[in-house]
>>> print(open('model-v2.cif').read())   # mmCIF, C-alpha atoms
data_structure
#
loop_
_atom_site.label_atom_id
_atom_site.label_comp_id
_atom_site.auth_asym_id
_atom_site.auth_seq_id
_atom_site.Cartn_x
_atom_site.Cartn_y
_atom_site.Cartn_z
CA MET E 1 119.43 37.75 -206.14
CA ILE E 2 116.91 39.72 -208.05
CA LEU E 3 113.73 37.94 -208.81
CA PRO E 4 112.03 38.62 -212.10
CA ARG E 5 108.98 40.69 -211.74
CA PRO E 6 105.79 38.86 -212.48
CA ARG E 7 104.10 40.17 -215.59
CA PRO E 8 100.96 42.09 -214.81
CA ARG E 9 97.90 40.19 -215.86
CA HIS E 10 95.48 42.12 -218.01
CA ALA E 11 91.88 41.75 -216.99
CA GLY E 12 89.25 41.20 -219.69
CA PHE E 13 87.81 38.68 -222.10
CA THR E 14 89.41 37.23 -225.15
CA LEU E 15 87.78 37.52 -228.53
CA ILE E 16 86.98 33.79 -228.50
CA GLU E 17 85.12 34.09 -225.18
CA LEU E 18 83.04 37.03 -226.46
CA ILE E 19 82.09 35.16 -229.64
CA MET E 20 81.04 32.10 -227.61
CA VAL E 21 78.77 34.22 -225.40
CA ILE E 22 77.15 35.87 -228.43
CA VAL E 23 76.54 32.47 -230.06
CA LEU E 24 75.01 31.14 -226.83
CA ILE E 25 72.67 34.16 -226.54
CA ALA E 26 71.61 33.71 -230.19
CA ILE E 27 70.77 30.03 -229.62
CA LEU E 28 68.74 30.83 -226.49
CA SER E 29 66.80 33.59 -228.27
CA VAL E 30 65.91 31.26 -231.17
CA VAL E 31 64.57 28.69 -228.69
CA ALA E 32 62.57 31.36 -226.83
CA ILE E 33 61.03 32.73 -230.05
CA SER E 34 60.01 29.28 -231.27
CA ARG E 35 58.35 28.52 -227.92
CA SER E 36 56.42 31.79 -227.91
CA ASN E 37 54.89 30.92 -231.30
CA SER E 38 53.76 27.51 -230.08
CA VAL E 39 52.09 29.12 -227.05
CA SER E 40 49.60 30.87 -229.36
CA ASP E 41 48.92 27.54 -231.09
CA LEU E 42 48.27 25.89 -227.74
CA THR E 43 46.04 28.80 -226.76
CA LEU E 44 43.99 28.32 -229.93
CA GLN E 45 43.62 24.59 -229.24
CA SER E 46 42.63 25.19 -225.60
CA GLN E 47 40.05 27.83 -226.62
CA ALA E 48 38.52 25.39 -229.12
CA GLU E 49 38.38 22.68 -226.43
CA LYS E 50 36.73 25.14 -224.02
CA MET E 51 34.16 26.14 -226.63
CA ALA E 52 33.29 22.46 -227.25
CA SER E 53 33.05 21.92 -223.50
CA ASP E 54 30.77 24.97 -223.15
CA LEU E 55 28.53 23.61 -225.93
CA ARG E 56 28.25 20.31 -224.03
CA HIS E 57 27.53 22.25 -220.82
CA THR E 58 24.81 24.26 -222.57
CA GLN E 59 23.21 21.03 -223.75
CA ALA E 60 23.31 19.59 -220.22
CA LEU E 61 21.85 22.80 -218.77
CA ALA E 62 18.98 22.74 -221.28
CA THR E 63 18.00 19.26 -220.12
CA SER E 64 18.51 19.87 -216.41
CA LEU E 65 16.69 23.23 -216.39
CA GLY E 66 13.98 22.06 -218.77
CA ARG E 67 14.45 25.20 -220.88
CA ASN E 68 15.39 25.85 -224.50
CA LEU E 69 18.83 27.46 -224.47
CA SER E 70 20.52 29.40 -227.27
CA PHE E 71 24.27 29.34 -227.84
CA SER E 72 24.97 32.59 -229.73
CA VAL E 73 28.28 33.71 -231.22
CA SER E 74 29.48 37.16 -232.17
CA PRO E 75 32.06 36.50 -234.91
CA GLY E 76 35.24 38.49 -235.32
CA SER E 77 38.63 39.04 -233.72
CA ASN E 78 38.43 38.17 -230.02
CA GLY E 79 34.87 37.02 -230.77
CA THR E 80 32.41 36.16 -228.01
CA TYR E 81 29.78 33.56 -227.35
CA GLN E 82 27.05 33.44 -224.75
CA VAL E 83 24.15 31.30 -223.59
CA SER E 84 20.66 32.66 -223.10
CA CYS E 85 17.13 31.34 -222.65
CA THR E 86 14.88 31.03 -225.68
CA HIS E 87 11.28 31.98 -225.04
CA GLY E 88 8.48 31.35 -227.51
CA SER E 89 5.87 33.97 -228.32
CA THR E 90 3.38 32.31 -225.93
CA TYR E 91 5.90 31.94 -223.11
CA THR E 92 4.70 32.69 -219.57
CA TYR E 93 7.09 33.31 -216.71
CA LYS E 94 7.44 30.52 -214.15
CA LEU E 95 8.91 30.61 -210.68
CA SER E 96 11.59 28.12 -211.74
CA ASP E 97 12.97 30.55 -214.36
CA ALA E 98 15.71 31.91 -212.07
CA PRO E 99 18.61 31.06 -214.44
CA CYS E 100 16.67 32.79 -217.24
CA ASP E 101 16.26 36.07 -215.35
CA SER E 102 19.32 37.59 -217.04
CA ASP E 103 20.77 37.61 -220.54
CA PRO E 104 23.19 35.85 -220.78
CA ILE E 105 22.04 33.32 -218.22
CA ILE E 106 23.81 32.85 -214.92
CA ASP E 107 25.64 29.53 -215.01
CA PRO E 108 24.52 27.59 -211.91
CA GLY E 109 27.96 25.97 -211.62
CA THR E 110 30.02 29.17 -211.56
CA ARG E 111 27.35 31.72 -210.58
CA GLN E 112 28.76 33.97 -213.32
CA ALA E 113 27.23 35.22 -216.56
CA PHE E 114 27.63 32.54 -219.23
CA LYS E 115 29.55 34.73 -221.69
CA VAL E 116 33.04 34.01 -223.02
CA THR E 117 35.41 36.31 -224.92
CA LEU E 118 38.19 34.66 -226.91
CA GLU E 119 41.76 35.78 -226.30
CA LYS E 120 44.99 36.58 -228.13
CA GLY E 121 43.36 37.84 -231.33
CA THR E 122 41.55 34.57 -232.03
CA VAL E 123 39.10 35.10 -234.89
CA LEU E 124 35.75 33.39 -234.31
CA GLY E 125 33.61 32.45 -237.30
CA ALA E 126 30.19 30.80 -237.61
CA LEU E 127 29.89 28.56 -240.67
CA GLN E 128 26.14 27.76 -240.40
CA GLY E 129 24.53 30.67 -238.61
CA THR E 130 25.36 32.43 -235.38
CA THR E 131 22.75 30.86 -233.05
CA LEU E 132 22.36 27.22 -232.07
CA THR E 133 19.37 26.26 -229.90
CA PHE E 134 19.17 23.19 -227.66
CA ASP E 135 15.67 22.02 -226.73
CA THR E 136 14.66 20.65 -223.32
CA LEU E 137 15.82 17.17 -224.39
CA GLY E 138 19.27 18.47 -225.37
CA LYS E 139 18.70 18.14 -229.11
CA PRO E 140 20.10 20.97 -231.24
CA ASN E 141 17.92 22.64 -233.87
CA ALA E 142 20.56 21.87 -236.57
CA SER E 143 24.19 20.94 -237.02
CA HIS E 144 26.60 23.84 -236.60
CA SER E 145 30.29 24.50 -237.20
CA TYR E 146 32.41 27.28 -235.81
CA SER E 147 35.95 28.24 -236.78
CA LEU E 148 38.66 29.59 -234.49
CA ALA E 149 41.62 31.02 -236.35
CA SER E 150 45.00 32.48 -235.47
CA SER E 151 47.55 33.95 -237.84
CA LYS E 152 48.96 30.47 -238.48
CA TRP E 153 46.09 27.98 -238.53
CA THR E 154 42.39 27.28 -238.04
CA ILE E 155 40.55 24.84 -235.76
CA TYR E 156 36.87 23.94 -236.08
CA VAL E 157 34.27 23.12 -233.44
CA GLY E 158 31.26 21.21 -234.71
CA VAL E 159 27.93 20.07 -233.30
CA THR E 160 26.00 17.14 -234.80
CA ALA E 161 22.32 17.63 -235.60
CA GLU E 162 20.81 14.55 -233.98
CA THR E 163 22.81 14.05 -230.79
CA GLY E 164 24.36 17.45 -230.17
CA LEU E 165 27.83 15.91 -229.90
CA ALA E 166 30.40 18.73 -229.82
CA VAL E 167 33.84 17.92 -231.26
CA VAL E 168 37.03 19.74 -232.19
CA CYS E 169 38.43 19.14 -235.69
CA THR E 170 41.39 20.37 -237.72
CA ALA E 171 39.50 20.35 -241.02
CA ALA E 172 36.09 21.50 -242.20
CA PRO E 173 33.39 20.28 -242.32
CA CYS E 174 33.33 19.38 -238.66
CA PRO E 175 31.96 16.84 -237.67
#
>>> encode(input="model-v2.cif", output="C-alpha cells")
Amino acid sequence: MILPRPRPRHAGFTLIELIMVIVLIAILSVVAISRSNSVSDLTLQSQAEKMASDLRHTQALATSLGRNLSFSVSPGSNGTYQVSCTHGSTYTYKLSDAPCDSDPIIDPGTRQAFKVTLEKGTVLGALQGTTLTFDTLGKPNASHSYSLASSKWTIYVGVTAETGLAVVCTAAPCP
C-alpha cells in the first residue's frame, strides 16, 4: 500500500500574524512616548521642590551660622542658583567665617559648593529680582517668586516676606 505523502509545510508567518505584531509594536510605542513626556513634567516638579527645599536650607543656615546669606539666581535655560554670604561695607572678618570663605558658600551638610544648575532645559525666571537675602534671624528682605518652566507648563516657587516660608505653586503669584 502506498501511503500519501505528507504535504510539505511552508515556514513563515501569515499576514494576520504580521499585522498583529505591527499593531502591538504601535501600542507599545505610544505608551513609551506618553511616559517620556511625563518624565519631564515630573523632573520640573522635582526641581521646583528642590529649589524650595534649598531656600528653606538657606534660611536655616543663616540662623545657625549667624550670617546674612544671599540666594541668587541666574535666569535662563538651565538656569542656576547659588548661596553666598552677604557682607556689609563695615564688615570685618571673624574666625567663625569658615563657610563664608568661598563664593558660593560651602554647604556644611554636603561639604560641596552651594550652587545648583537646573536640568533638562528648565527655564528659570525671577519675578521680583534675582537676589533674596536672609538675615541672621532667617527673615527675608522681601517676598520673592521664581518660575520654572518647561515646554509644556510652568511651576512657581515663592517665599513670603515675613516668615520666609518657601512654597511651590502652580499659579502666580506664589504664595
>>> closest_residue(input="model-v2.cif", among="E:Ile155, E:Thr170, E:Val83, E:Leu148", to="Thr131 of chain E", atoms="all atoms listed in the file")
E:Val83
>>> closest_residue(input="model-v2.cif", among="E:Gly129, E:Gly121, E:Pro175, E:Pro104", to="Thr43 of chain E", atoms="all atoms listed in the file")
E:Gly121
>>> closest_residue(input="model-v2.cif", among="E:Ser72, E:Thr163, E:Ser46, E:Thr117", to="Pro140 of chain E", atoms="all atoms listed in the file")
E:Thr163
>>> closest_residue(input="model-v2.cif", among="E:Trp153, E:Tyr146, E:Ser84, E:Leu44", to="Pro173 of chain E", atoms="all atoms listed in the file")
E:Tyr146
>>> closest_residue(input="model-v2.cif", among="E:Thr133, E:Gln59, E:Gln128, E:Thr80", to="Leu165 of chain E", atoms="all atoms listed in the file")
E:Gln59
>>> closest_residue(input="model-v2.cif", among="E:Ile25, E:Gly138, E:Gln82, E:Ala48", to="Ala113 of chain E", atoms="only C-alpha atoms")
E:Gln82
>>> resolve_selection(input="model-v2.cif", expression="the PyMOL selection byres ((chain E and resi 125-127) around 9)", output="list of chain:residue names")
E:Val73, E:Ser74, E:Pro75, E:Gly76, E:Gly79, E:Val123, E:Leu124, E:Gln128, E:Gly129, E:Thr130, E:Thr131, E:His144, E:Ser145, E:Tyr146, E:Ser147, E:Leu148, E:Ala149
>>> residues_near_point(input="model-v2.cif", point="(23.7, 17.7, -220.0)", cutoff="12 Å", atoms="only C-alpha atoms", output="tab-separated table (two decimals) with C-alpha atoms, in the frame of the given file")
chain	number	residue	atom	x	y	z
E	53	SER	CA	33.05	21.92	-223.50
E	54	ASP	CA	30.77	24.97	-223.15
E	55	LEU	CA	28.53	23.61	-225.93
E	56	ARG	CA	28.25	20.31	-224.03
E	57	HIS	CA	27.53	22.25	-220.82
E	58	THR	CA	24.81	24.26	-222.57
E	59	GLN	CA	23.21	21.03	-223.75
E	60	ALA	CA	23.31	19.59	-220.22
E	61	LEU	CA	21.85	22.80	-218.77
E	62	ALA	CA	18.98	22.74	-221.28
E	63	THR	CA	18.00	19.26	-220.12
E	64	SER	CA	18.51	19.87	-216.41
E	65	LEU	CA	16.69	23.23	-216.39
E	66	GLY	CA	13.98	22.06	-218.77
E	67	ARG	CA	14.45	25.20	-220.88
E	69	LEU	CA	18.83	27.46	-224.47
E	134	PHE	CA	19.17	23.19	-227.66
E	135	ASP	CA	15.67	22.02	-226.73
E	136	THR	CA	14.66	20.65	-223.32
E	137	LEU	CA	15.82	17.17	-224.39
E	138	GLY	CA	19.27	18.47	-225.37
E	139	LYS	CA	18.70	18.14	-229.11
E	163	THR	CA	22.81	14.05	-230.79
E	164	GLY	CA	24.36	17.45	-230.17
E	165	LEU	CA	27.83	15.91	-229.90
E	166	ALA	CA	30.40	18.73	-229.82
>>> atom_distance(input="model-v2.cif", atom1="atom CA of Leu15 of chain E", atom2="atom CA of Val31 of chain E")
24.8 Å
>>> atom_distance(input="model-v2.cif", atom1="atom CA of Ile105 of chain E", atom2="atom CA of Gln45 of chain E")
25.8 Å
>>> atom_distance(input="model-v2.cif", atom1="atom CA of Phe71 of chain E", atom2="atom CA of Thr86 of chain E")
9.8 Å
>>> resolve_selection(input="model-v2.cif", expression="the PyMOL selection byres ((chain E and resi 168) around 7)", output="PyMOL selection string")
chain E and resi 48-49+52+156-158+167+169
